[in-house]
Amino acid sequence: MVKSGSIRVLLMTLIFGSGNFLRMERGFVAGRTNVNAQCSMHKPCNVDGFTDWYKLGRVCVKYFNESLNFTEAEFSCRKKAPGAHLVSVHSKEHNDNLFCIVEKLTTNTSRIWLGAFEYLKSGKFLWFDGSSWDFDSWASGEPNNIYTTTEECVEMNWKEDGKWNDDSCFVKKNYICAFKENAILKPGSEEME
């Protein structure tokens, strides 16, 4: 039999101790890995006025924890920085890096809009920024509504971490904007960075 004083000491230790047993890192749920243990935050964008964006390869990206439909998110990106669009993805490494950023910064859901859409019910997907469709990371069975107007826009993190899904463009999701580093003029010059 345990004395009530011992229980109080145990509870106090648990509540006011290190607290590590109470804190579950984001991403550490059934079927998911501990993202924080695998991801490190990227370097800030090296463009004046955009140091709160992250550098990924030749682009600067920023996660917005604001739920908008696909069109609203794209237009929001265009207002955030010159030449910005919803992010396009061109490699597994880039996809993984975007996933890490989302998982570290999200406060509600990790489902985000990517900058891709199905072109005129053709079954072909395009990037809004005009870049080549040279990589994809569809979840198993996706895209499942091609050739329809039901699901024409692309999201990340639907069923599986980092995997893509076609979804209705009217659904509101968080999003990531991106712009090419050399798309911003250097202060006081006519030259591109």
# chains A, B, ... in the order shown; residues from 1 in each chain; ligands from 1
>>> residues_around(residues="Cys77 (chain A)", least_positions_apart="4", cutoff="7 Å", atoms="only C-alpha atoms", output="list in words")
Ala73, Ala81, Ala84, His85, Leu86 and Cys177 of chain A
>>> residues_around(residues="Gly83 (chain A)", least_positions_apart="5", cutoff="12 Å", atoms="only C-alpha atoms", output="PyMOL selection string")
chain A and resi 59-61+74-78+128-130+177-185
>>> write_last_selection(atoms="all heavy atoms", output="short mmCIF file (atom, residue, chain, number, x, y, z; two decimals), in the first residue's frame")
data_model
loop_
_atom_site.label_atom_id
_atom_site.label_comp_id
_atom_site.auth_asym_id
_atom_site.auth_seq_id
_atom_site.Cartn_x
_atom_site.Cartn_y
_atom_site.Cartn_z
N VAL A 59 15.74 28.99 -53.96
CA VAL A 59 14.50 29.71 -53.64
C VAL A 59 14.44 30.03 -52.15
O VAL A 59 15.10 29.39 -51.33
CB VAL A 59 13.23 28.92 -54.05
CG1 VAL A 59 13.18 28.70 -55.54
CG2 VAL A 59 13.11 27.61 -53.31
N CYS A 60 13.63 31.03 -51.85
CA CYS A 60 13.33 31.36 -50.46
C CYS A 60 11.88 30.96 -50.24
O CYS A 60 11.02 31.20 -51.11
CB CYS A 60 13.49 32.86 -50.22
SG CYS A 60 15.21 33.40 -50.34
N VAL A 61 11.60 30.33 -49.12
CA VAL A 61 10.25 29.84 -48.83
C VAL A 61 9.80 30.33 -47.46
O VAL A 61 10.63 30.58 -46.58
CB VAL A 61 10.17 28.29 -48.88
CG1 VAL A 61 10.56 27.76 -50.24
CG2 VAL A 61 11.01 27.65 -47.79
N GLU A 74 -2.56 31.40 -53.53
CA GLU A 74 -1.68 31.82 -54.63
C GLU A 74 -1.60 33.35 -54.69
O GLU A 74 -0.51 33.92 -54.80
CB GLU A 74 -2.18 31.25 -55.96
CG GLU A 74 -1.46 31.79 -57.18
CD GLU A 74 0.04 31.52 -57.25
OE1 GLU A 74 0.54 30.58 -56.58
OE2 GLU A 74 0.73 32.27 -57.98
N PHE A 75 -2.73 34.03 -54.61
CA PHE A 75 -2.71 35.49 -54.67
C PHE A 75 -2.05 36.09 -53.43
O PHE A 75 -1.39 37.13 -53.52
CB PHE A 75 -4.11 36.06 -54.91
CG PHE A 75 -4.51 35.97 -56.35
CD1 PHE A 75 -5.47 35.06 -56.75
CD2 PHE A 75 -3.90 36.77 -57.31
CE1 PHE A 75 -5.82 34.96 -58.10
CE2 PHE A 75 -4.25 36.68 -58.65
CZ PHE A 75 -5.22 35.77 -59.05
N SER A 76 -2.20 35.44 -52.29
CA SER A 76 -1.51 35.90 -51.08
C SER A 76 0.00 35.83 -51.29
O SER A 76 0.73 36.76 -50.92
CB SER A 76 -1.93 35.06 -49.88
OG SER A 76 -1.21 35.44 -48.75
N CYS A 77 0.48 34.74 -51.88
CA CYS A 77 1.92 34.59 -52.14
C CYS A 77 2.42 35.72 -53.03
O CYS A 77 3.49 36.29 -52.80
CB CYS A 77 2.22 33.25 -52.80
SG CYS A 77 2.08 31.84 -51.69
N ARG A 78 1.65 36.04 -54.05
CA ARG A 78 2.06 37.09 -54.99
C ARG A 78 2.19 38.44 -54.30
O ARG A 78 2.98 39.27 -54.73
CB ARG A 78 1.06 37.17 -56.14
CG ARG A 78 1.11 35.95 -57.03
CD ARG A 78 0.11 36.04 -58.14
NE ARG A 78 0.07 34.82 -58.90
CZ ARG A 78 -0.49 34.73 -60.09
NH1 ARG A 78 -1.06 35.78 -60.65
NH2 ARG A 78 -0.49 33.58 -60.72
N PHE A 128 2.27 26.42 -60.84
CA PHE A 128 1.82 27.78 -61.05
C PHE A 128 2.97 28.70 -61.46
O PHE A 128 2.79 29.67 -62.20
CB PHE A 128 1.16 28.34 -59.79
CG PHE A 128 -0.18 28.93 -60.03
CD1 PHE A 128 -1.31 28.33 -59.51
CD2 PHE A 128 -0.33 30.08 -60.79
CE1 PHE A 128 -2.56 28.86 -59.72
CE2 PHE A 128 -1.59 30.62 -61.01
CZ PHE A 128 -2.70 30.01 -60.49
N ASP A 129 4.20 28.41 -60.98
CA ASP A 129 5.34 29.28 -61.30
C ASP A 129 5.91 29.01 -62.68
O ASP A 129 6.88 29.63 -63.10
CB ASP A 129 6.42 29.16 -60.23
CG ASP A 129 7.06 27.77 -60.14
OD1 ASP A 129 6.80 26.89 -60.99
OD2 ASP A 129 7.84 27.56 -59.19
N GLY A 130 5.33 28.05 -63.42
CA GLY A 130 5.76 27.76 -64.78
C GLY A 130 6.94 26.82 -64.87
O GLY A 130 7.40 26.51 -65.97
N CYS A 177 4.81 29.75 -49.54
CA CYS A 177 5.14 30.59 -50.69
C CYS A 177 6.63 30.45 -50.99
O CYS A 177 7.42 30.14 -50.09
CB CYS A 177 4.85 32.05 -50.40
SG CYS A 177 3.11 32.41 -50.08
N ALA A 178 6.98 30.70 -52.24
CA ALA A 178 8.39 30.63 -52.64
C ALA A 178 8.68 31.68 -53.71
O ALA A 178 7.81 32.01 -54.51
CB ALA A 178 8.71 29.24 -53.18
N PHE A 179 9.90 32.18 -53.69
CA PHE A 179 10.37 33.03 -54.78
C PHE A 179 11.84 32.73 -55.02
O PHE A 179 12.56 32.29 -54.12
CB PHE A 179 10.15 34.53 -54.50
CG PHE A 179 10.99 35.09 -53.38
CD1 PHE A 179 12.26 35.59 -53.62
CD2 PHE A 179 10.48 35.15 -52.09
CE1 PHE A 179 13.03 36.13 -52.59
CE2 PHE A 179 11.23 35.68 -51.06
CZ PHE A 179 12.51 36.18 -51.30
N LYS A 180 12.29 32.94 -56.26
CA LYS A 180 13.69 32.74 -56.59
C LYS A 180 14.50 33.87 -55.99
O LYS A 180 14.11 35.03 -56.08
CB LYS A 180 13.88 32.70 -58.11
CG LYS A 180 13.25 31.49 -58.74
CD LYS A 180 13.45 31.49 -60.23
CE LYS A 180 12.76 30.26 -60.81
NZ LYS A 180 12.72 30.29 -62.26
N GLU A 181 15.62 33.53 -55.39
CA GLU A 181 16.46 34.54 -54.73
C GLU A 181 16.83 35.67 -55.68
O GLU A 181 16.89 36.82 -55.29
CB GLU A 181 17.75 33.91 -54.21
CG GLU A 181 17.61 33.26 -52.87
CD GLU A 181 18.95 32.83 -52.34
OE1 GLU A 181 19.61 32.00 -52.99
OE2 GLU A 181 19.35 33.33 -51.28
N ASN A 182 17.07 35.35 -56.93
CA ASN A 182 17.50 36.39 -57.87
C ASN A 182 16.33 37.19 -58.43
O ASN A 182 16.51 38.03 -59.30
CB ASN A 182 18.32 35.78 -59.00
CG ASN A 182 17.52 34.83 -59.87
OD1 ASN A 182 16.34 34.59 -59.62
ND2 ASN A 182 18.16 34.26 -60.87
N ALA A 183 15.12 36.98 -57.93
CA ALA A 183 13.95 37.72 -58.41
C ALA A 183 13.80 39.07 -57.71
O ALA A 183 12.97 39.88 -58.10
CB ALA A 183 12.69 36.90 -58.21
N ILE A 184 14.59 39.33 -56.69
CA ILE A 184 14.49 40.56 -55.91
C ILE A 184 15.65 41.48 -56.28
O ILE A 184 16.80 41.07 -56.26
CB ILE A 184 14.53 40.27 -54.39
CG1 ILE A 184 13.49 39.22 -54.01
CG2 ILE A 184 14.38 41.54 -53.59
CD1 ILE A 184 12.07 39.70 -54.04
N LEU A 185 15.34 42.73 -56.58
CA LEU A 185 16.38 43.70 -56.88
C LEU A 185 17.17 44.05 -55.63
O LEU A 185 16.60 44.17 -54.55
CB LEU A 185 15.78 44.98 -57.45
CG LEU A 185 15.19 44.89 -58.85
CD1 LEU A 185 14.51 46.21 -59.20
CD2 LEU A 185 16.27 44.57 -59.87
#
>>> residues_around(residues="Leu120 (chain A)", least_positions_apart="3", cutoff="9 Å", atoms="only C-alpha atoms", output="short mmCIF file (atom, residue, chain, number, x, y, z; two decimals) with all heavy atoms, in the first residue's frame")
data_model
loop_
_atom_site.label_atom_id
_atom_site.label_comp_id
_atom_site.auth_asym_id
_atom_site.auth_seq_id
_atom_site.Cartn_x
_atom_site.Cartn_y
_atom_site.Cartn_z
N GLY A 123 -5.58 15.54 -66.90
CA GLY A 123 -4.80 14.52 -66.19
C GLY A 123 -3.35 14.94 -66.01
O GLY A 123 -2.57 14.23 -65.41
N LYS A 124 -2.98 16.10 -66.55
CA LYS A 124 -1.62 16.63 -66.41
C LYS A 124 -1.63 17.74 -65.37
O LYS A 124 -2.50 18.59 -65.38
CB LYS A 124 -1.12 17.17 -67.74
CG LYS A 124 -0.95 16.10 -68.77
CD LYS A 124 -0.32 16.66 -70.01
CE LYS A 124 -0.21 15.52 -71.01
NZ LYS A 124 0.89 15.64 -71.88
N TYR A 147 -9.26 14.25 -64.48
CA TYR A 147 -10.27 14.38 -65.53
C TYR A 147 -11.62 14.86 -65.00
O TYR A 147 -12.63 14.72 -65.65
CB TYR A 147 -10.46 13.08 -66.32
CG TYR A 147 -9.19 12.45 -66.79
CD1 TYR A 147 -8.77 11.22 -66.28
CD2 TYR A 147 -8.37 13.09 -67.71
CE1 TYR A 147 -7.58 10.64 -66.71
CE2 TYR A 147 -7.18 12.52 -68.14
CZ TYR A 147 -6.80 11.30 -67.64
OH TYR A 147 -5.62 10.73 -68.05
N THR A 148 -11.66 15.42 -63.80
CA THR A 148 -12.90 15.94 -63.23
C THR A 148 -12.65 17.35 -62.71
O THR A 148 -11.51 17.80 -62.65
CB THR A 148 -13.42 15.09 -62.05
OG1 THR A 148 -12.58 15.32 -60.91
CG2 THR A 148 -13.47 13.61 -62.37
N THR A 149 -13.68 18.01 -62.30
CA THR A 149 -13.51 19.32 -61.65
C THR A 149 -13.64 19.19 -60.14
O THR A 149 -13.69 20.18 -59.44
CB THR A 149 -14.55 20.32 -62.18
OG1 THR A 149 -15.85 19.79 -61.97
CG2 THR A 149 -14.32 20.66 -63.63
N GLU A 152 -8.86 19.43 -58.30
CA GLU A 152 -7.91 19.89 -59.31
C GLU A 152 -6.65 20.53 -58.73
O GLU A 152 -5.77 20.90 -59.48
CB GLU A 152 -8.58 20.92 -60.23
CG GLU A 152 -9.70 20.33 -61.05
CD GLU A 152 -10.32 21.37 -61.95
OE1 GLU A 152 -10.82 22.39 -61.42
OE2 GLU A 152 -10.30 21.16 -63.17
#
>>> residues_around(residues="Asn46 (chain A)", least_positions_apart="2", cutoff="8 Å", atoms="only C-alpha atoms", output="ChimeraX atom specification")
/A:44,48,50-51,55,181
>>> residues_around(residues="His94 (chain A)", least_positions_apart="6", cutoff="12 Å", atoms="only C-alpha atoms", output="VMD selection string")
chain A and resid 42 55 to 61 87 to 88 100 to 101 135 to 137 162
>>> write_last_selection(atoms="N, CA, C and O atoms", output="PDB file, in the first residue's frame")
ATOM      1  N   HIS A  42      16.344  25.496 -41.634  1.00  0.00           N
ATOM      2  CA  HIS A  42      17.219  25.927 -42.698  1.00  0.00           C
ATOM      3  C   HIS A  42      17.706  27.346 -42.459  1.00  0.00           C
ATOM      4  O   HIS A  42      17.179  28.074 -41.625  1.00  0.00           O
ATOM      5  N   LYS A  55      15.979  29.669 -46.859  1.00  0.00           N
ATOM      6  CA  LYS A  55      16.640  29.370 -48.128  1.00  0.00           C
ATOM      7  C   LYS A  55      16.589  27.858 -48.360  1.00  0.00           C
ATOM      8  O   LYS A  55      17.041  27.092 -47.532  1.00  0.00           O
ATOM      9  N   LEU A  56      16.020  27.472 -49.492  1.00  0.00           N
ATOM     10  CA  LEU A  56      16.021  26.069 -49.922  1.00  0.00           C
ATOM     11  C   LEU A  56      16.528  26.034 -51.356  1.00  0.00           C
ATOM     12  O   LEU A  56      15.800  26.388 -52.286  1.00  0.00           O
ATOM     13  N   GLY A  57      17.775  25.654 -51.526  1.00  0.00           N
ATOM     14  CA  GLY A  57      18.351  25.675 -52.865  1.00  0.00           C
ATOM     15  C   GLY A  57      18.418  27.111 -53.362  1.00  0.00           C
ATOM     16  O   GLY A  57      18.954  27.983 -52.699  1.00  0.00           O
ATOM     17  N   ARG A  58      17.813  27.367 -54.543  1.00  0.00           N
ATOM     18  CA  ARG A  58      17.839  28.699 -55.128  1.00  0.00           C
ATOM     19  C   ARG A  58      16.573  29.500 -54.849  1.00  0.00           C
ATOM     20  O   ARG A  58      16.355  30.541 -55.452  1.00  0.00           O
ATOM     21  N   VAL A  59      15.735  28.987 -53.961  1.00  0.00           N
ATOM     22  CA  VAL A  59      14.502  29.710 -53.643  1.00  0.00           C
ATOM     23  C   VAL A  59      14.441  30.035 -52.150  1.00  0.00           C
ATOM     24  O   VAL A  59      15.095  29.393 -51.334  1.00  0.00           O
ATOM     25  N   CYS A  60      13.634  31.028 -51.848  1.00  0.00           N
ATOM     26  CA  CYS A  60      13.325  31.365 -50.465  1.00  0.00           C
ATOM     27  C   CYS A  60      11.877  30.964 -50.245  1.00  0.00           C
ATOM     28  O   CYS A  60      11.019  31.200 -51.110  1.00  0.00           O
ATOM     29  N   VAL A  61      11.599  30.328 -49.118  1.00  0.00           N
ATOM     30  CA  VAL A  61      10.254  29.842 -48.829  1.00  0.00           C
ATOM     31  C   VAL A  61       9.803  30.327 -47.457  1.00  0.00           C
ATOM     32  O   VAL A  61      10.629  30.584 -46.575  1.00  0.00           O
ATOM     33  N   VAL A  87       4.550  27.209 -53.516  1.00  0.00           N
ATOM     34  CA  VAL A  87       5.804  26.502 -53.752  1.00  0.00           C
ATOM     35  C   VAL A  87       5.651  25.368 -54.774  1.00  0.00           C
ATOM     36  O   VAL A  87       4.646  24.662 -54.789  1.00  0.00           O
ATOM     37  N   SER A  88       6.669  25.229 -55.616  1.00  0.00           N
ATOM     38  CA  SER A  88       6.777  24.071 -56.505  1.00  0.00           C
ATOM     39  C   SER A  88       7.871  23.172 -55.935  1.00  0.00           C
ATOM     40  O   SER A  88       8.759  23.634 -55.217  1.00  0.00           O
ATOM     41  N   CYS A 100       9.601  19.189 -43.331  1.00  0.00           N
ATOM     42  CA  CYS A 100      10.209  19.533 -42.040  1.00  0.00           C
ATOM     43  C   CYS A 100       9.807  20.938 -41.592  1.00  0.00           C
ATOM     44  O   CYS A 100       9.475  21.150 -40.429  1.00  0.00           O
ATOM     45  N   ILE A 101       9.829  21.883 -42.515  1.00  0.00           N
ATOM     46  CA  ILE A 101       9.442  23.254 -42.177  1.00  0.00           C
ATOM     47  C   ILE A 101       8.002  23.286 -41.685  1.00  0.00           C
ATOM     48  O   ILE A 101       7.687  23.889 -40.658  1.00  0.00           O
ATOM     49  N   PHE A 135       9.094  16.107 -60.893  1.00  0.00           N
ATOM     50  CA  PHE A 135       9.080  15.310 -59.665  1.00  0.00           C
ATOM     51  C   PHE A 135       7.657  15.292 -59.137  1.00  0.00           C
ATOM     52  O   PHE A 135       6.916  16.257 -59.297  1.00  0.00           O
ATOM     53  N   ASP A 136       7.274  14.177 -58.526  1.00  0.00           N
ATOM     54  CA  ASP A 136       6.027  14.149 -57.761  1.00  0.00           C
ATOM     55  C   ASP A 136       6.165  13.146 -56.631  1.00  0.00           C
ATOM     56  O   ASP A 136       7.078  12.326 -56.623  1.00  0.00           O
ATOM     57  N   SER A 137       5.271  13.257 -55.672  1.00  0.00           N
ATOM     58  CA  SER A 137       5.315  12.398 -54.493  1.00  0.00           C
ATOM     59  C   SER A 137       3.888  12.060 -54.062  1.00  0.00           C
ATOM     60  O   SER A 137       3.486  12.310 -52.932  1.00  0.00           O
ATOM     61  N   GLY A 162       4.561  14.046 -46.134  1.00  0.00           N
ATOM     62  CA  GLY A 162       5.277  14.413 -47.343  1.00  0.00           C
ATOM     63  C   GLY A 162       4.650  13.946 -48.637  1.00  0.00           C
ATOM     64  O   GLY A 162       5.166  14.241 -49.705  1.00  0.00           O
TER      65      GLY A 162
END
>>> residues_around(residues="region 111-114 of chain A", least_positions_apart="6", cutoff="8 Å", atoms="only C-alpha atoms", output="mmCIF file with all heavy atoms, in the first residue's frame")
data_model
loop_
_atom_site.group_PDB
_atom_site.id
_atom_site.type_symbol
_atom_site.label_atom_id
_atom_site.label_comp_id
_atom_site.auth_asym_id
_atom_site.auth_seq_id
_atom_site.Cartn_x
_atom_site.Cartn_y
_atom_site.Cartn_z
ATOM 1 N N PHE A 70 -7.143 27.512 -52.453
ATOM 2 C CA PHE A 70 -5.983 27.486 -53.346
ATOM 3 C C PHE A 70 -5.755 28.831 -54.026
ATOM 4 O O PHE A 70 -4.641 29.359 -54.028
ATOM 5 C CB PHE A 70 -6.170 26.375 -54.391
ATOM 6 C CG PHE A 70 -5.009 26.208 -55.312
ATOM 7 C CD1 PHE A 70 -3.915 25.448 -54.945
ATOM 8 C CD2 PHE A 70 -5.003 26.813 -56.563
ATOM 9 C CE1 PHE A 70 -2.828 25.292 -55.805
ATOM 10 C CE2 PHE A 70 -3.932 26.665 -57.430
ATOM 11 C CZ PHE A 70 -2.842 25.902 -57.050
ATOM 12 N N ALA A 73 -4.632 31.512 -51.599
ATOM 13 C CA ALA A 73 -3.251 31.267 -51.176
ATOM 14 C C ALA A 73 -2.274 31.718 -52.261
ATOM 15 O O ALA A 73 -1.257 32.357 -51.966
ATOM 16 C CB ALA A 73 -3.052 29.799 -50.839
ATOM 17 N N LEU A 86 2.782 29.961 -54.855
ATOM 18 C CA LEU A 86 2.761 28.763 -54.029
ATOM 19 C C LEU A 86 3.961 27.923 -54.455
ATOM 20 O O LEU A 86 4.343 27.901 -55.635
ATOM 21 C CB LEU A 86 1.465 27.976 -54.233
ATOM 22 C CG LEU A 86 0.225 28.564 -53.565
ATOM 23 C CD1 LEU A 86 -1.033 27.854 -54.047
ATOM 24 C CD2 LEU A 86 0.330 28.460 -52.055
ATOM 25 N N VAL A 87 4.550 27.209 -53.516
ATOM 26 C CA VAL A 87 5.804 26.502 -53.752
ATOM 27 C C VAL A 87 5.651 25.368 -54.774
ATOM 28 O O VAL A 87 4.646 24.662 -54.789
ATOM 29 C CB VAL A 87 6.376 25.967 -52.420
ATOM 30 C CG1 VAL A 87 5.529 24.839 -51.846
ATOM 31 C CG2 VAL A 87 7.821 25.548 -52.567
ATOM 32 N N SER A 88 6.669 25.229 -55.616
ATOM 33 C CA SER A 88 6.777 24.071 -56.505
ATOM 34 C C SER A 88 7.871 23.172 -55.935
ATOM 35 O O SER A 88 8.759 23.634 -55.217
ATOM 36 C CB SER A 88 7.103 24.498 -57.937
ATOM 37 O OG SER A 88 8.306 25.227 -57.992
ATOM 38 N N CYS A 153 -6.554 20.662 -57.422
ATOM 39 C CA CYS A 153 -5.399 21.315 -56.807
ATOM 40 C C CYS A 153 -4.632 20.314 -55.945
ATOM 41 O O CYS A 153 -5.179 19.299 -55.525
ATOM 42 C CB CYS A 153 -5.857 22.514 -55.991
ATOM 43 S SG CYS A 153 -6.601 23.791 -57.028
ATOM 44 N N VAL A 154 -3.363 20.603 -55.688
ATOM 45 C CA VAL A 154 -2.480 19.639 -55.024
ATOM 46 C C VAL A 154 -2.120 20.094 -53.608
ATOM 47 O O VAL A 154 -1.725 21.237 -53.395
ATOM 48 C CB VAL A 154 -1.200 19.418 -55.853
ATOM 49 C CG1 VAL A 154 -0.266 18.425 -55.155
ATOM 50 C CG2 VAL A 154 -1.558 18.913 -57.244
ATOM 51 N N GLU A 155 -2.271 19.162 -52.680
ATOM 52 C CA GLU A 155 -1.889 19.398 -51.290
ATOM 53 C C GLU A 155 -0.818 18.406 -50.877
ATOM 54 O O GLU A 155 -0.639 17.364 -51.505
ATOM 55 C CB GLU A 155 -3.102 19.247 -50.364
ATOM 56 C CG GLU A 155 -3.578 17.821 -50.209
ATOM 57 C CD GLU A 155 -4.616 17.628 -49.119
ATOM 58 O OE1 GLU A 155 -4.587 18.337 -48.109
ATOM 59 O OE2 GLU A 155 -5.450 16.724 -49.281
ATOM 60 N N MET A 156 -0.132 18.730 -49.788
ATOM 61 C CA MET A 156 0.873 17.848 -49.192
ATOM 62 C C MET A 156 0.391 17.432 -47.813
ATOM 63 O O MET A 156 -0.330 18.176 -47.154
ATOM 64 C CB MET A 156 2.206 18.584 -49.065
ATOM 65 C CG MET A 156 3.317 17.759 -48.406
ATOM 66 S SD MET A 156 4.765 18.759 -47.990
ATOM 67 C CE MET A 156 5.796 18.393 -49.383
ATOM 68 N N ASN A 157 0.788 16.232 -47.382
ATOM 69 C CA ASN A 157 0.556 15.713 -46.021
ATOM 70 C C ASN A 157 -0.898 15.335 -45.774
ATOM 71 O O ASN A 157 -1.423 15.548 -44.692
ATOM 72 C CB ASN A 157 1.016 16.718 -44.951
ATOM 73 C CG ASN A 157 2.476 17.041 -45.069
ATOM 74 O OD1 ASN A 157 3.275 16.197 -45.448
ATOM 75 N ND2 ASN A 157 2.834 18.269 -44.783
ATOM 76 N N TRP A 158 -1.524 14.712 -46.737
ATOM 77 C CA TRP A 158 -2.917 14.318 -46.558
ATOM 78 C C TRP A 158 -3.013 13.056 -45.709
ATOM 79 O O TRP A 158 -3.440 13.114 -44.574
ATOM 80 C CB TRP A 158 -3.581 14.117 -47.927
ATOM 81 C CG TRP A 158 -4.954 13.570 -47.861
ATOM 82 C CD1 TRP A 158 -6.022 14.104 -47.201
ATOM 83 C CD2 TRP A 158 -5.434 12.391 -48.479
ATOM 84 N NE1 TRP A 158 -7.131 13.328 -47.373
ATOM 85 C CE2 TRP A 158 -6.797 12.264 -48.162
ATOM 86 C CE3 TRP A 158 -4.850 11.423 -49.280
ATOM 87 C CZ2 TRP A 158 -7.572 11.207 -48.613
ATOM 88 C CZ3 TRP A 158 -5.625 10.391 -49.735
ATOM 89 C CH2 TRP A 158 -6.975 10.295 -49.399
ATOM 90 N N LYS A 173 -6.607 25.666 -46.586
ATOM 91 C CA LYS A 173 -5.425 25.020 -46.003
ATOM 92 C C LYS A 173 -4.346 26.077 -45.789
ATOM 93 O O LYS A 173 -4.370 27.140 -46.392
ATOM 94 C CB LYS A 173 -4.856 23.975 -46.973
ATOM 95 C CG LYS A 173 -5.800 22.875 -47.371
ATOM 96 C CD LYS A 173 -5.101 21.909 -48.310
ATOM 97 C CE LYS A 173 -6.058 20.941 -48.943
ATOM 98 N NZ LYS A 173 -6.923 20.245 -48.049
ATOM 99 N N ASN A 174 -3.386 25.738 -44.965
ATOM 100 C CA ASN A 174 -2.188 26.554 -44.827
ATOM 101 C C ASN A 174 -1.366 26.374 -46.097
ATOM 102 O O ASN A 174 -1.675 25.510 -46.924
ATOM 103 C CB ASN A 174 -1.406 26.136 -43.595
ATOM 104 C CG ASN A 174 -2.205 26.353 -42.319
ATOM 105 O OD1 ASN A 174 -3.173 27.090 -42.296
ATOM 106 N ND2 ASN A 174 -1.795 25.691 -41.250
ATOM 107 N N TYR A 175 -0.284 27.137 -46.246
ATOM 108 C CA TYR A 175 0.440 27.086 -47.507
ATOM 109 C C TYR A 175 1.871 27.568 -47.336
ATOM 110 O O TYR A 175 2.224 28.174 -46.321
ATOM 111 C CB TYR A 175 -0.272 27.938 -48.570
ATOM 112 C CG TYR A 175 -0.504 29.372 -48.160
ATOM 113 C CD1 TYR A 175 0.356 30.380 -48.583
ATOM 114 C CD2 TYR A 175 -1.566 29.728 -47.325
ATOM 115 C CE1 TYR A 175 0.145 31.698 -48.197
ATOM 116 C CE2 TYR A 175 -1.781 31.040 -46.935
ATOM 117 C CZ TYR A 175 -0.911 32.027 -47.376
ATOM 118 O OH TYR A 175 -1.107 33.323 -46.996
ATOM 119 N N ILE A 176 2.685 27.288 -48.353
ATOM 120 C CA ILE A 176 4.068 27.759 -48.406
ATOM 121 C C ILE A 176 4.244 28.555 -49.692
ATOM 122 O O ILE A 176 3.881 28.094 -50.770
ATOM 123 C CB ILE A 176 5.076 26.596 -48.371
ATOM 124 C CG1 ILE A 176 5.060 25.921 -47.005
ATOM 125 C CG2 ILE A 176 6.478 27.091 -48.713
ATOM 126 C CD1 ILE A 176 6.074 24.817 -46.843
#
>>> atom_distance(atom1="CA of Gly141 (chain A)", atom2="CA of Leu98 (chain A)")
22.1 Å
